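Source file input-v3.cif; content: mmCIF, C-alpha atoms.
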data_query
loop_
_atom_site.label_atom_id
_atom_site.label_comp_id
_atom_site.auth_asym_id
_atom_site.auth_seq_id
_atom_site.Cartn_x
_atom_site.Cartn_y
_atom_site.Cartn_z
CA MET W 1 6.87 0.79 -29.52
CA SER W 2 8.33 3.70 -27.59
CA THR W 3 5.34 5.88 -28.49
CA ASP W 4 2.94 3.24 -27.26
CA ARG W 5 4.82 2.86 -24.02
CA SER W 6 5.02 6.54 -23.29
CA LEU W 7 1.28 7.04 -23.84
CA PRO W 8 0.11 6.03 -20.35
CA VAL W 9 2.78 8.21 -18.76
CA VAL W 10 1.64 11.18 -20.81
CA ARG W 11 -1.93 10.38 -19.84
CA VAL W 12 -0.99 10.27 -16.16
CA ALA W 13 0.85 13.57 -16.44
CA THR W 14 -2.18 15.16 -18.09
CA VAL W 15 -4.54 13.88 -15.43
CA VAL W 16 -2.16 14.98 -12.65
CA ALA W 17 -1.88 18.48 -14.11
CA ALA W 18 -5.63 18.80 -14.55
CA ALA W 19 -6.31 17.53 -11.06
CA ALA W 20 -3.71 19.83 -9.56
CA LEU W 21 -5.31 22.81 -11.24
CA GLY W 22 -8.77 21.72 -10.13
CA LEU W 23 -7.71 21.06 -6.58
CA GLY W 24 -5.80 24.31 -6.44
CA ALA W 25 -8.88 26.22 -7.47
CA LEU W 26 -11.00 24.25 -5.02
CA SER W 27 -8.53 24.84 -2.21
CA LEU W 28 -8.36 28.54 -2.77
CA SER W 29 -12.13 28.81 -2.76
CA ALA W 30 -12.50 26.59 0.29
CA CYS W 31 -9.49 27.54 2.37
CA ALA W 32 -11.28 29.95 4.66
CA THR W 33 -14.60 28.18 4.98
CA VAL W 34 -13.92 25.77 7.84
CA LYS W 35 -13.01 27.53 11.06
CA PRO W 36 -11.42 25.72 14.01
CA SER W 37 -14.72 25.97 15.92
CA GLU W 38 -16.45 24.09 13.09
CA ARG W 39 -14.16 21.06 13.10
CA GLU W 40 -15.85 18.93 15.73
CA VAL W 41 -17.14 16.41 13.18
CA LEU W 42 -13.86 16.42 11.30
CA SER W 43 -12.04 15.41 14.49
CA ARG W 44 -13.96 12.10 14.76
CA PRO W 45 -11.65 9.06 14.37
CA GLU W 46 -13.63 7.83 11.36
CA MET W 47 -12.73 11.06 9.56
CA ASN W 48 -8.99 10.67 10.09
CA PRO W 49 -7.19 8.88 7.21
CA ALA W 50 -4.11 8.31 9.36
CA THR W 51 -5.86 5.87 11.70
CA GLU W 52 -5.76 3.05 9.15
CA GLY W 53 -2.00 3.03 8.60
CA LEU W 54 -1.07 -0.56 9.42
CA GLU W 55 -4.12 -2.07 7.76
CA GLU W 56 -3.49 0.00 4.64
CA GLN W 57 0.09 -1.23 4.69
CA PHE W 58 -1.01 -4.86 4.33
CA GLN W 59 -3.58 -3.97 1.69
CA SER W 60 -0.87 -2.18 -0.24
CA HIS W 61 1.40 -5.22 0.17
CA VAL W 62 -1.15 -7.56 -1.37
CA GLU W 63 -2.20 -5.22 -4.14
CA SER W 64 1.38 -4.53 -5.22
CA ALA W 65 2.06 -8.29 -5.30
CA ARG W 66 -1.07 -9.13 -7.28
CA GLU W 67 -1.82 -6.11 -9.46
CA GLY W 68 0.10 -4.21 -12.10
CA GLY W 69 -0.71 -0.86 -10.54
CA PHE W 70 0.31 0.60 -7.22
CA GLY W 71 -0.46 3.45 -4.87
CA GLY W 72 -3.53 5.12 -3.51
CA HIS W 73 -2.92 4.16 0.09
CA GLY W 74 -0.71 7.03 1.14
CA ALA W 75 -2.69 9.23 3.43
CA ALA W 76 -1.30 12.70 3.38
CA GLY W 77 -0.28 12.78 7.01
CA GLY W 78 -3.62 13.67 8.55
CA GLY W 79 -3.37 17.32 9.38
CA CYS W 80 -6.20 19.39 7.95
CA GLY W 81 -7.06 20.59 11.44
CA CYS W 82 -8.87 17.36 12.20
CA GLY W 83 -6.69 15.96 14.93
CA MET A 1 11.61 -18.14 -2.22
CA ARG A 2 9.97 -18.35 -5.60
CA HIS A 3 6.59 -17.20 -4.52
CA ALA A 4 7.96 -14.72 -2.04
CA ARG A 5 9.87 -13.20 -4.90
CA SER A 6 6.54 -12.46 -6.50
CA ILE A 7 5.06 -11.26 -3.24
CA ARG A 8 8.09 -9.04 -2.83
CA ARG A 9 7.80 -7.53 -6.28
CA GLY A 10 6.65 -3.98 -5.95
CA LEU A 11 6.59 -4.28 -2.20
CA GLY A 12 9.72 -2.28 -1.81
CA ALA A 13 8.29 0.27 -4.12
CA ALA A 14 4.83 0.47 -2.68
CA VAL A 15 4.92 -0.57 0.93
CA GLY A 16 7.80 1.46 2.06
CA LEU A 17 6.44 4.20 0.08
CA ALA A 18 2.87 4.31 1.07
CA THR A 19 4.21 4.53 4.58
CA VAL A 20 6.56 7.36 3.90
CA LEU A 21 3.82 9.77 2.97
CA ALA A 22 1.75 8.76 5.91
CA ALA A 23 4.93 8.96 8.00
CA GLY A 24 4.00 5.46 9.08
CA PRO A 25 1.31 4.79 11.61
CA LEU A 26 2.93 7.08 14.16
CA VAL A 27 0.12 8.88 15.92
CA ALA A 28 1.94 10.57 18.78
CA GLU A 29 1.01 8.08 21.47
CA ASP A 30 2.88 5.35 23.30
CA ARG A 31 1.25 2.27 21.88
CA ILE A 32 1.81 -1.33 20.87
CA ILE A 33 -0.08 -2.94 18.01
CA MET A 34 -0.10 -6.66 17.24
CA ARG A 35 -1.66 -7.71 13.98
CA GLY A 36 -2.01 -11.11 12.36
CA ASN A 37 -2.52 -10.92 8.60
CA TYR A 38 -3.75 -13.81 6.49
CA TYR A 39 -3.91 -14.19 2.73
CA ARG A 40 -5.06 -17.23 0.80
CA GLU A 41 -5.55 -18.00 -2.84
CA GLN A 42 -5.61 -21.13 -4.95
CA SER A 43 -1.94 -22.05 -4.61
CA THR A 44 -0.61 -19.73 -1.95
CA ARG A 45 -1.14 -19.07 1.73
CA VAL A 46 0.54 -16.23 3.60
CA LEU A 47 0.62 -15.71 7.35
CA ALA A 48 2.13 -12.38 8.30
CA PRO A 49 2.18 -11.49 11.99
CA VAL A 50 3.49 -8.03 12.77
CA VAL A 51 4.32 -6.22 16.01
CA TYR A 52 4.58 -2.48 16.10
CA VAL A 53 5.69 -0.31 19.01
CA GLU A 54 5.88 3.46 19.17
CA LYS A 55 6.90 5.84 21.91
CA ASP A 56 7.06 9.59 22.35
CA VAL A 57 10.39 10.80 23.69
CA PRO A 58 9.31 12.78 25.60
CA ASP A 59 6.23 13.97 23.69
CA GLU A 60 4.84 14.24 20.16
CA ARG A 61 7.65 16.56 19.20
CA PHE A 62 9.69 13.39 18.70
CA THR A 63 8.31 9.89 18.28
CA VAL A 64 10.16 6.69 17.53
CA GLY A 65 8.67 3.45 16.30
CA ALA A 66 9.88 -0.04 15.53
CA GLU A 67 8.17 -2.85 13.65
CA TYR A 68 8.90 -6.50 13.04
CA LEU A 69 7.04 -8.53 10.43
CA LEU A 70 7.35 -12.21 9.64
CA ASP A 71 6.08 -13.46 6.29
CA ALA A 72 5.42 -17.20 6.25
CA VAL A 73 4.55 -18.11 2.68
CA THR A 74 3.31 -21.57 1.82
CA SER A 75 3.17 -21.94 -1.91
CA ALA A 76 3.29 -24.16 -4.93
CA SER A 77 6.76 -24.73 -6.29
CA ILE A 78 6.40 -22.71 -9.45
CA GLY A 79 6.71 -18.94 -9.49
CA ALA A 80 3.41 -17.38 -8.60
CA GLY A 81 0.74 -17.78 -11.19
CA ALA A 82 2.85 -19.83 -13.57
CA ALA A 83 1.62 -23.28 -12.56
CA ALA A 84 -1.10 -23.23 -15.20
CA VAL A 85 1.54 -22.68 -17.84
CA THR A 86 4.40 -24.83 -16.71
CA GLY A 87 2.75 -27.49 -14.56
CA GLY A 88 4.23 -28.97 -11.42
CA ASP A 89 3.01 -28.42 -7.88
CA PHE A 90 4.42 -29.29 -4.48
CA LEU A 91 4.13 -27.23 -1.33
CA PHE A 92 6.87 -25.57 0.64
CA THR A 93 7.03 -22.84 3.24
CA GLU A 94 9.54 -20.06 3.33
CA PHE A 95 10.07 -17.10 5.62
CA ARG A 96 10.82 -13.45 5.21
CA HIS A 97 11.92 -11.23 8.08
CA GLU A 98 11.33 -7.51 7.94
CA THR A 99 12.38 -4.87 10.45
CA THR A 100 11.47 -1.20 10.24
CA VAL A 101 12.55 1.76 12.35
CA ARG A 102 10.63 5.01 12.11
CA VAL A 103 11.03 8.48 13.53
CA ALA A 104 8.56 11.34 13.40
CA SER A 105 8.45 14.83 14.70
CA ARG A 106 5.66 17.33 15.08
CA LEU A 107 6.79 20.94 15.38
CA ARG A 108 4.01 23.53 15.24
CA ASN A 109 2.60 23.27 11.70
CA TRP A 110 5.31 20.96 10.46
CA SER A 111 5.44 17.14 10.50
CA LEU A 112 8.65 15.35 9.66
CA GLY A 113 9.10 11.64 9.23
CA GLY A 114 11.69 9.09 8.23
CA PHE A 115 12.16 5.35 8.14
CA PHE A 116 14.62 2.59 7.39
CA ARG A 117 13.53 -0.94 6.56
CA TYR A 118 15.54 -4.10 6.11
CA SER A 119 14.04 -7.28 4.76
CA THR A 120 15.72 -10.60 4.16
CA GLU A 121 14.76 -13.99 2.77
CA SER A 122 16.60 -16.80 1.08
CA ASP A 123 17.10 -15.12 -2.29
CA TRP A 124 16.18 -11.48 -1.81
CA ILE A 125 17.55 -8.71 0.41
CA SER A 126 15.79 -5.36 0.48
CA ARG A 127 16.84 -2.06 1.99
CA SER A 128 14.38 0.82 2.04
CA PHE A 129 14.67 4.32 3.38
CA GLY A 130 12.59 7.43 3.14
CA ALA A 131 11.69 10.84 4.46
CA SER A 132 8.58 12.98 4.40
CA VAL A 133 7.66 16.54 5.20
CA ALA A 134 4.15 17.85 5.74
CA ARG A 135 2.84 21.25 6.66
CA ASP A 136 -0.54 22.47 7.79
CA VAL A 137 -1.78 25.38 5.73
CA PHE A 138 -4.80 27.70 5.61
CA GLY A 139 -5.14 27.82 9.38
CA ARG A 140 -4.83 24.02 9.60
CA ALA A 141 -7.69 23.53 7.16
CA GLY A 142 -5.21 22.00 4.72
CA ASN A 143 -2.14 19.82 4.81
CA VAL A 144 0.43 19.53 2.06
CA SER A 145 3.00 16.75 2.09
CA VAL A 146 5.90 15.46 0.09
CA GLY A 147 7.59 12.13 0.55
CA TYR A 148 10.57 10.39 -0.96
CA ALA A 149 11.64 6.79 -0.58
CA GLY A 150 14.33 4.66 -2.10
CA ASN A 151 14.88 0.94 -2.39
CA VAL A 152 18.05 -0.96 -3.11
CA ASP A 153 17.31 -4.66 -3.45
CA SER A 154 19.68 -7.53 -4.11
CA VAL A 155 17.94 -10.02 -6.37
CA ASN A 156 19.22 -13.61 -6.37
CA LYS A 157 18.10 -17.04 -7.45
CA ILE A 158 18.73 -20.38 -5.86
CA PHE A 159 20.05 -22.96 -8.27
CA ALA A 160 21.36 -26.40 -7.29
CA GLY A 161 21.46 -25.29 -3.68
CA ARG A 162 23.55 -22.21 -4.39
CA VAL A 163 22.51 -18.55 -4.15
CA LEU A 164 23.42 -16.83 -7.41
CA PRO A 165 22.87 -13.19 -8.42
CA HIS A 166 20.07 -12.67 -10.92
CA ASN A 167 20.95 -9.97 -13.40
CA SER A 168 18.21 -10.67 -15.94
CA THR A 169 19.44 -9.08 -19.19
CA GLY A 170 21.48 -6.44 -17.36
CA ASP A 171 24.84 -6.39 -15.64
CA THR A 172 23.76 -6.07 -12.02
CA ASN A 173 21.43 -7.84 -9.63
CA LEU A 174 20.59 -4.60 -7.82
CA GLN A 175 17.06 -3.36 -8.30
CA GLN A 176 16.89 0.34 -7.51
CA VAL A 177 13.62 2.14 -6.98
CA ASN A 178 12.99 5.83 -6.40
CA TYR A 179 9.58 7.02 -5.30
CA LEU A 180 8.19 10.52 -4.99
CA GLY A 181 4.75 11.39 -3.67
CA LEU A 182 2.95 14.71 -3.36
CA GLY A 183 -0.20 14.87 -1.29
CA TYR A 184 -2.74 17.43 -0.26
CA THR A 185 -5.65 17.08 2.15
CA HIS A 186 -8.26 19.76 2.79
CA ALA A 187 -11.23 20.25 5.06
CA LEU A 188 -13.69 21.35 2.40
CA THR A 189 -16.67 21.84 4.70
CA PRO A 190 -17.30 21.09 8.40
CA ARG A 191 -18.38 17.60 7.30
CA LEU A 192 -16.28 16.95 4.23
CA LEU A 193 -12.61 16.12 3.95
CA GLY A 194 -10.89 15.63 0.60
CA GLY A 195 -7.43 14.77 -0.58
CA VAL A 196 -5.31 13.95 -3.59
CA LEU A 197 -2.06 12.13 -3.95
CA ALA A 198 0.24 12.06 -6.98
CA GLU A 199 2.88 9.34 -6.99
CA GLY A 200 5.72 8.41 -9.30
CA ILE A 201 8.19 5.55 -9.35
CA HIS A 202 11.38 5.10 -11.34
CA ALA A 203 12.67 1.52 -11.15
CA THR A 204 15.79 0.05 -12.71
CA GLY A 205 17.42 -3.35 -12.56
CA PRO A 206 16.07 -6.90 -12.82
CA GLN A 207 12.28 -6.88 -12.56
CA ASP A 208 11.39 -10.38 -13.69
CA ASN A 209 11.11 -13.67 -11.84
CA PRO A 210 14.19 -15.88 -12.39
CA TYR A 211 12.16 -19.04 -11.76
CA ARG A 212 9.15 -18.29 -13.91
CA GLN A 213 9.00 -19.49 -17.49
CA VAL A 214 6.69 -18.98 -20.44
CA ARG A 215 5.70 -21.85 -22.70
CA ASP A 216 8.50 -23.74 -24.43
CA SER A 217 10.49 -23.30 -21.19
CA LEU A 218 11.80 -19.90 -22.18
CA PRO A 219 12.73 -17.70 -19.21
CA GLU A 220 10.65 -14.70 -18.26
CA THR A 221 12.35 -11.45 -19.31
CA HIS A 222 11.04 -8.04 -18.32
CA PRO A 223 12.45 -4.61 -19.25
CA LEU A 224 15.14 -3.27 -16.93
CA LEU A 225 13.46 0.13 -16.68
CA ARG A 226 9.96 0.90 -15.48
CA ARG A 227 8.41 4.32 -14.96
CA ARG A 228 5.13 4.37 -13.12
CA GLY A 229 2.70 7.09 -12.14
CA ALA A 230 -0.52 7.20 -10.15
CA LEU A 231 -3.02 9.83 -9.14
CA SER A 232 -5.55 9.12 -6.43
CA GLY A 233 -8.16 11.06 -4.56
CA PHE A 234 -10.55 10.52 -1.69
CA LEU A 235 -13.41 12.17 0.13
CA ARG A 236 -14.72 11.52 3.64
CA TYR A 237 -18.18 12.81 4.33
CA ALA A 238 -19.96 12.64 7.68
CA VAL A 239 -23.67 12.27 6.93
CA PRO A 240 -25.69 14.72 9.10
CA LYS A 241 -27.68 13.30 12.02
CA THR A 242 -26.26 9.81 11.50
CA PRO A 243 -23.18 7.91 12.73
CA LEU A 244 -22.26 7.28 9.09
CA VAL A 245 -19.10 8.40 7.29
CA LEU A 246 -18.88 7.74 3.55
CA GLU A 247 -15.51 7.44 1.89
CA PRO A 248 -15.18 7.15 -1.90
CA ARG A 249 -11.72 6.70 -3.35
CA TYR A 250 -10.43 6.62 -6.90
CA ARG A 251 -7.01 5.87 -8.33
CA PHE A 252 -5.67 6.16 -11.84
CA TYR A 253 -2.44 4.43 -12.75
CA GLY A 254 -0.24 4.20 -15.85
CA ASP A 255 3.25 3.00 -16.66
CA ASP A 256 5.57 2.68 -19.64
CA TRP A 257 5.05 -1.09 -19.82
CA GLY A 258 1.60 -0.33 -21.20
CA ILE A 259 -0.49 -0.98 -18.12
CA VAL A 260 -3.30 1.44 -17.37
CA ALA A 261 -5.41 0.78 -14.28
CA HIS A 262 -8.41 2.24 -12.50
CA ALA A 263 -9.45 1.47 -8.94
CA ILE A 264 -12.67 2.57 -7.26
CA ASP A 265 -12.93 1.94 -3.54
CA LEU A 266 -16.14 2.79 -1.70
CA ARG A 267 -16.20 2.60 2.10
CA ALA A 268 -18.80 3.29 4.73
CA HIS A 269 -17.83 3.72 8.39
CA VAL A 270 -20.64 3.33 10.91
CA ARG A 271 -20.23 3.90 14.64
CA PHE A 272 -23.39 2.03 15.48
CA LEU A 273 -22.54 1.73 19.17
CA LYS A 274 -20.52 4.11 21.30
CA ARG A 275 -17.47 1.85 21.20
CA VAL A 276 -18.07 -0.19 18.05
CA VAL A 277 -17.25 0.87 14.51
CA LEU A 278 -18.16 -1.16 11.43
CA ARG A 279 -16.58 -0.48 8.08
CA ALA A 280 -18.04 -1.94 4.91
CA ARG A 281 -16.07 -1.82 1.71
CA TYR A 282 -16.35 -2.54 -1.99
CA ARG A 283 -13.44 -2.15 -4.41
CA TYR A 284 -13.39 -2.50 -8.17
CA TYR A 285 -10.08 -2.75 -9.98
CA THR A 286 -9.37 -3.06 -13.68
CA GLN A 287 -6.18 -2.94 -15.70
CA THR A 288 -4.98 -3.38 -19.25
CA GLY A 289 -2.25 -5.89 -20.04
CA ALA A 290 1.40 -5.02 -20.48
CA SER A 291 2.48 -4.42 -24.06
CA PHE A 292 4.53 -7.64 -24.00
CA TRP A 293 1.86 -9.84 -22.40
CA SER A 294 0.85 -12.89 -24.43
CA ALA A 295 -2.45 -14.45 -23.44
CA ASP A 296 -1.51 -17.93 -24.67
CA GLY A 297 1.97 -17.82 -23.17
CA TYR A 298 3.77 -18.36 -26.49
CA TYR A 299 6.64 -16.11 -27.52
CA PRO A 300 9.06 -16.39 -30.42
CA ALA A 301 12.59 -17.21 -29.31
CA GLU A 302 13.79 -13.81 -30.46
CA ALA A 303 11.19 -11.88 -28.44
CA GLU A 304 12.87 -9.13 -26.44
CA PHE A 305 10.49 -9.42 -23.50
CA ARG A 306 8.47 -12.38 -22.20
CA THR A 307 6.27 -12.73 -19.17
CA ALA A 308 4.24 -15.37 -17.37
CA ASP A 309 3.30 -12.96 -14.59
CA PRO A 310 -0.50 -12.74 -14.15
CA LYS A 311 -0.01 -9.16 -12.95
CA MET A 312 0.93 -8.28 -16.52
CA SER A 313 -2.38 -9.56 -17.93
CA LYS A 314 -5.60 -7.72 -18.59
CA PHE A 315 -8.00 -8.47 -15.76
CA HIS A 316 -10.44 -6.98 -13.29
CA SER A 317 -11.44 -7.74 -9.72
CA HIS A 318 -14.25 -7.13 -7.25
CA THR A 319 -13.46 -6.96 -3.54
CA PRO A 320 -16.21 -6.75 -0.92
CA GLY A 321 -15.07 -6.59 2.66
CA GLY A 322 -15.82 -5.63 6.21
CA GLU A 323 -14.00 -4.49 9.30
CA LEU A 324 -15.16 -4.41 12.91
CA THR A 325 -13.36 -2.34 15.53
CA ILE A 326 -14.27 -2.58 19.22
CA GLU A 327 -12.82 -0.04 21.61
CA LEU A 328 -12.17 -1.55 25.03
CA ASP A 329 -12.56 1.53 27.21
CA GLY A 330 -15.69 0.04 28.73
CA LEU A 331 -13.74 -2.94 30.06
CA ALA A 332 -11.16 -0.57 31.52
CA ARG A 333 -13.69 0.35 34.23
CA LEU A 334 -13.47 -3.17 35.63
CA ARG A 335 -11.10 -3.92 38.43
CA GLY A 336 -7.67 -4.95 37.19
CA LEU A 337 -8.39 -3.99 33.60
CA HIS A 338 -7.62 -0.29 33.74
CA TRP A 339 -4.70 -0.91 31.37
CA LEU A 340 -7.24 -1.42 28.58
CA ARG A 341 -8.11 2.27 28.50
CA GLY A 342 -7.53 3.33 24.87
CA ALA A 343 -7.12 -0.29 23.71
CA TRP A 344 -9.01 -1.81 20.80
CA VAL A 345 -9.43 -5.03 18.88
CA GLN A 346 -10.11 -5.20 15.17
CA GLY A 347 -11.09 -7.87 12.69
CA THR A 348 -10.94 -7.40 8.91
CA TYR A 349 -12.03 -9.64 6.05
CA ASN A 350 -11.93 -9.05 2.30
CA HIS A 351 -12.83 -11.49 -0.48
CA ILE A 352 -11.22 -10.86 -3.85
CA PHE A 353 -13.00 -12.10 -6.97
CA GLN A 354 -10.58 -11.71 -9.84
CA THR A 355 -10.30 -12.85 -13.44
CA ASN A 356 -6.56 -13.51 -13.62
CA ARG A 357 -4.70 -16.78 -13.07
CA PHE A 358 -4.17 -16.12 -9.36
CA GLY A 359 -7.84 -16.94 -8.88
CA ASN A 360 -10.07 -15.71 -6.10
CA ALA A 361 -8.45 -14.82 -2.79
CA ARG A 362 -9.28 -14.24 0.86
CA LEU A 363 -7.63 -11.57 2.92
CA GLY A 364 -8.09 -11.11 6.64
CA SER A 365 -6.49 -9.77 9.77
CA LEU A 366 -6.95 -9.66 13.52
CA ALA A 367 -5.38 -6.87 15.52
CA PHE A 368 -5.04 -5.81 19.12
CA SER A 369 -3.68 -2.45 20.22
CA VAL A 370 -3.03 -1.06 23.67
CA PRO A 371 -1.43 2.18 24.86
CA PHE A 372 1.22 2.13 27.57
#
As structure tokens, what does this structure read like?
Amino acid sequence: MSTDRSLPVVRVATVVAAAALGLGALSLSACATVKPSEREVLSRPEMNPATEGLEEQFQSHVESAREGGFGGHGAAGGGCGCG
Amino acid sequence: MRHARSIRRGLGAAVGLATVLAAGPLVAEDRIIMRGNYYREQSTRVLAPVVYVEKDVPDERFTVGAEYLLDAVTSASIGAGAAAVTGGDFLFTEFRHETTVRVASRLRNWSLGGFFRYSTESDWISRSFGASVARDVFGRAGNVSVGYAGNVDSVNKIFAGRVLPHNSTGDTNLQQVNYLGLGYTHALTPRLLGGVLAEGIHATGPQDNPYRQVRDSLPETHPLLRRRGALSGFLRYAVPKTPLVLEPRYRFYGDDWGIVAHAIDLRAHVRFLKRVVLRARYRYYTQTGASFWSADGYYPAEAEFRTADPKMSKFHSHTPGGELTIELDGLARLRGLHWLRGAWVQGTYNHIFQTNRFGNARLGSLAFSVPF
């Protein structure tokens, strides 16, 4: 029983580690590619994850009350030179 | 109370927590937002008006916000989703009051945030708090963030008109939840933004519904410990020479109760007029059942864990939806309406087709926001 229960957690940890490595590599390769003068499109409101905060909050409310999973609605604070 | 208990479940863990990473909706602007949320399914209707106010004091280096939410839940008498198992159905309405205070600060490349939330209803009191730190990196092409939030909830049940603590199989009625989230967002190209978010929750204490029963009138009994993890990612891509922004999202989730879930959320944002934005959405969600879920609702008397919670079952859902946002700057040119500069109205509707006992659901909201 304990092995079965720990399996999804191990799977999550594996996926997180793989994604972190992948994103790290992607970030390092991409970090210098977008200059401030090239961010006009990125500054559009539709490109800003932080603009949907309150609506995401209600979505998260319903999903956490009706689904076994959680998460996915936490925007990482905007940033990224888009604002 | 009984349904709200179900609605509350996970709320402390997820709502407070999704907000902590985003540092709430604080966007460094004096603004008031009024939103009316509506949720309806076969046996439950929720009306949830919310008012949110934020103000810079004196500028974005320090912003405070306050929010009040009222949950009016009209529901069948049996704990959510259990009517099909236990029978019985009369309607009642109950109320939950939630107040949140937020602070945020923007100092050069750093963003700091914190919140405290208090929620009360007839048989449940929740206290949430959290803090987040984010920093722009790579010349503001990237943003890394970390957020923590905690919940301490008092779980009770109402029996014969008295409020009694619900300990489940433990020795306390306090449900304690710790959440940690790590996020990273990066401008990958001049038209492409991407981000990932890793989240973990450690929850202890009573996590079952004291009113809900499985067949043979045995009480629902969930484990006192739950460890949960999720990894999600998103992209936002502005299609060249069009007003279209495409946003795919994916989330993977797993916990030590045996639930594994995948969610795919595809969104398209179209600014088809200068002041009008339409967002179309489709979401697919699927999950496995908990290791102690029984499809027919029967458990032996000696079973360690029992559940009648549809959230513990294997199911999937499809959710199409749309959202229309109209910016009111055009009206602000009219005499006497200059106060509408920067204001907007927004309508949202989602229809959830799902294969669990909750049945299909409708989810909508209307919002109005104005700066001051």
If I take atom CA of Leu174 of chain A and atom CA of Gly113 of chain A, how far is one from the other in Å, to one decimal?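 Atom CA of Gly113 of chain A lies at a distance of 26.2 Å from atom CA of Leu174 of chain A.
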Test item: the PyMOL selection byres ((chain A and resi 218-230) around 9) resolved as a VMD selection string: (chain W and resid 8 to 9 12 to 13 16 69 to 72) or (chain A and resid 168 to 170 175 197 to 217 231 to 232 251 to 257 292 299 301 304 to 309)
Using only C-alpha atoms, the best pick from A:Ala361, A:Ala149, A:Leu278, A:Val345 as closest to Gly322 of chain A would be A:Leu278
Test item: the PyMOL selection byres ((chain A and resi 38) around 9) resolved as a ChimeraX atom specification: /A:36-37,39-40,45-49,362-366
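The smallest atom-to-atom distance between chain W and any of A:Thr99, A:Thr172, A:Thr325, A:Ser145, using all atoms listed in the file, is found for A:Ser145.
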If we count all atoms listed in the file and set the cut-off at 7 Å, which residues sit around Tyr282 of chain A, ignoring sequence neighbours fewer than 3 positions away in its own chain? Please answer as a list in words. Asp265, Leu266, Arg267, Thr319, Pro320 and Gly321 of chain A
Point-to-point distance in Å for atom CA of Pro49 of chain W and atom CA of Ala332 of chain A: 26.4 Å
note - atom CA of Lys157 of chain A and atom CA of Gln176 of chain A are separated by 17.4 Å
What are the centre and the three edge lengths of an axis-aligned box that wraps all atoms of segment 275-282 of chain A in the file, given that 5 Å is added to every side, written as JSON and rounded to one decimal in Å?
{"center_x": -17.1, "center_y": -0.3, "center_z": 9.6, "size_x": 12.1, "size_y": 14.4, "size_z": 33.2}
Evaluate the PyMOL selection byres ((chain A and resi 134) around 8) on the structure here and hand back the selected residues as a PyMOL selection string. (chain W and resi 76-77) or (chain A and resi 110-112+132-133+135-136+143-146)
Give me the residues within 8 Å of Phe368 of chain A as a list in words, counting only C-alpha atoms and dropping any in the same chain fewer than 3 places off. Ile33, Met34, Arg35, Ala343, Trp344, Val345 and Gln346 of chain A
Closest to Thr93 of chain A among A:Val152, A:Leu107, A:Ala131, A:Ala72, using all atoms listed in the file?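 Of all the options, A:Ala72 lies closest to Thr93 of chain A.
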For Phe116 of chain A, work out the shell of residues within 8 Å, counting only C-alpha atoms and skipping chain neighbours fewer than 3 positions away, then give it as a list in words. Thr100, Val101, Arg102, Arg127, Ser128, Phe129 and Gly130 of chain A
Hey, can you pull every residue with an atom no more than 12 Å from (-14.1, 17.2, 15.6), using all atoms listed in the file, and send it as a PDB file with C-alpha atoms, keeping the file's coordinate frame?
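result-v6.pdb was written with the following content:
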ATOM      1  CA  VAL W  34     -13.920  25.770   7.840  1.00  0.00           C
ATOM      2  CA  LYS W  35     -13.010  27.530  11.060  1.00  0.00           C
ATOM      3  CA  PRO W  36     -11.420  25.720  14.010  1.00  0.00           C
ATOM      4  CA  SER W  37     -14.720  25.970  15.920  1.00  0.00           C
ATOM      5  CA  GLU W  38     -16.450  24.090  13.090  1.00  0.00           C
ATOM      6  CA  ARG W  39     -14.160  21.060  13.100  1.00  0.00           C
ATOM      7  CA  GLU W  40     -15.850  18.930  15.730  1.00  0.00           C
ATOM      8  CA  VAL W  41     -17.140  16.410  13.180  1.00  0.00           C
ATOM      9  CA  LEU W  42     -13.860  16.420  11.300  1.00  0.00           C
ATOM     10  CA  SER W  43     -12.040  15.410  14.490  1.00  0.00           C
ATOM     11  CA  ARG W  44     -13.960  12.100  14.760  1.00  0.00           C
ATOM     12  CA  PRO W  45     -11.650   9.060  14.370  1.00  0.00           C
ATOM     13  CA  GLU W  46     -13.630   7.830  11.360  1.00  0.00           C
ATOM     14  CA  MET W  47     -12.730  11.060   9.560  1.00  0.00           C
ATOM     15  CA  ASN W  48      -8.990  10.670  10.090  1.00  0.00           C
ATOM     16  CA  CYS W  80      -6.200  19.390   7.950  1.00  0.00           C
ATOM     17  CA  GLY W  81      -7.060  20.590  11.440  1.00  0.00           C
ATOM     18  CA  CYS W  82      -8.870  17.360  12.200  1.00  0.00           C
ATOM     19  CA  GLY W  83      -6.690  15.960  14.930  1.00  0.00           C
TER      20      GLY W  83
ATOM     21  CA  ALA A 187     -11.230  20.250   5.060  1.00  0.00           C
ATOM     22  CA  PRO A 190     -17.300  21.090   8.400  1.00  0.00           C
ATOM     23  CA  ARG A 191     -18.380  17.600   7.300  1.00  0.00           C
ATOM     24  CA  LEU A 192     -16.280  16.950   4.230  1.00  0.00           C
ATOM     25  CA  LEU A 193     -12.610  16.120   3.950  1.00  0.00           C
ATOM     26  CA  ALA A 238     -19.960  12.640   7.680  1.00  0.00           C
TER      27      ALA A 238
END
Calculated over all atoms listed in the file, which of the candidates A:Gly150, A:Gly65, A:Pro371, A:Gly289 has the smallest distance to chain W? A:Gly289
Might you pull out every residue within 12 Å of Leu164 of chain A, with all atoms listed in the file counted and same-chain residues fewer than 6 positions away left off, and present them as a list of chain:residue names? A:Ser122, A:Asp123, A:Trp124, A:Ser154, A:Val155, A:Asn156, A:Lys157, A:Ile158, A:Thr172, A:Asn173, A:Pro210
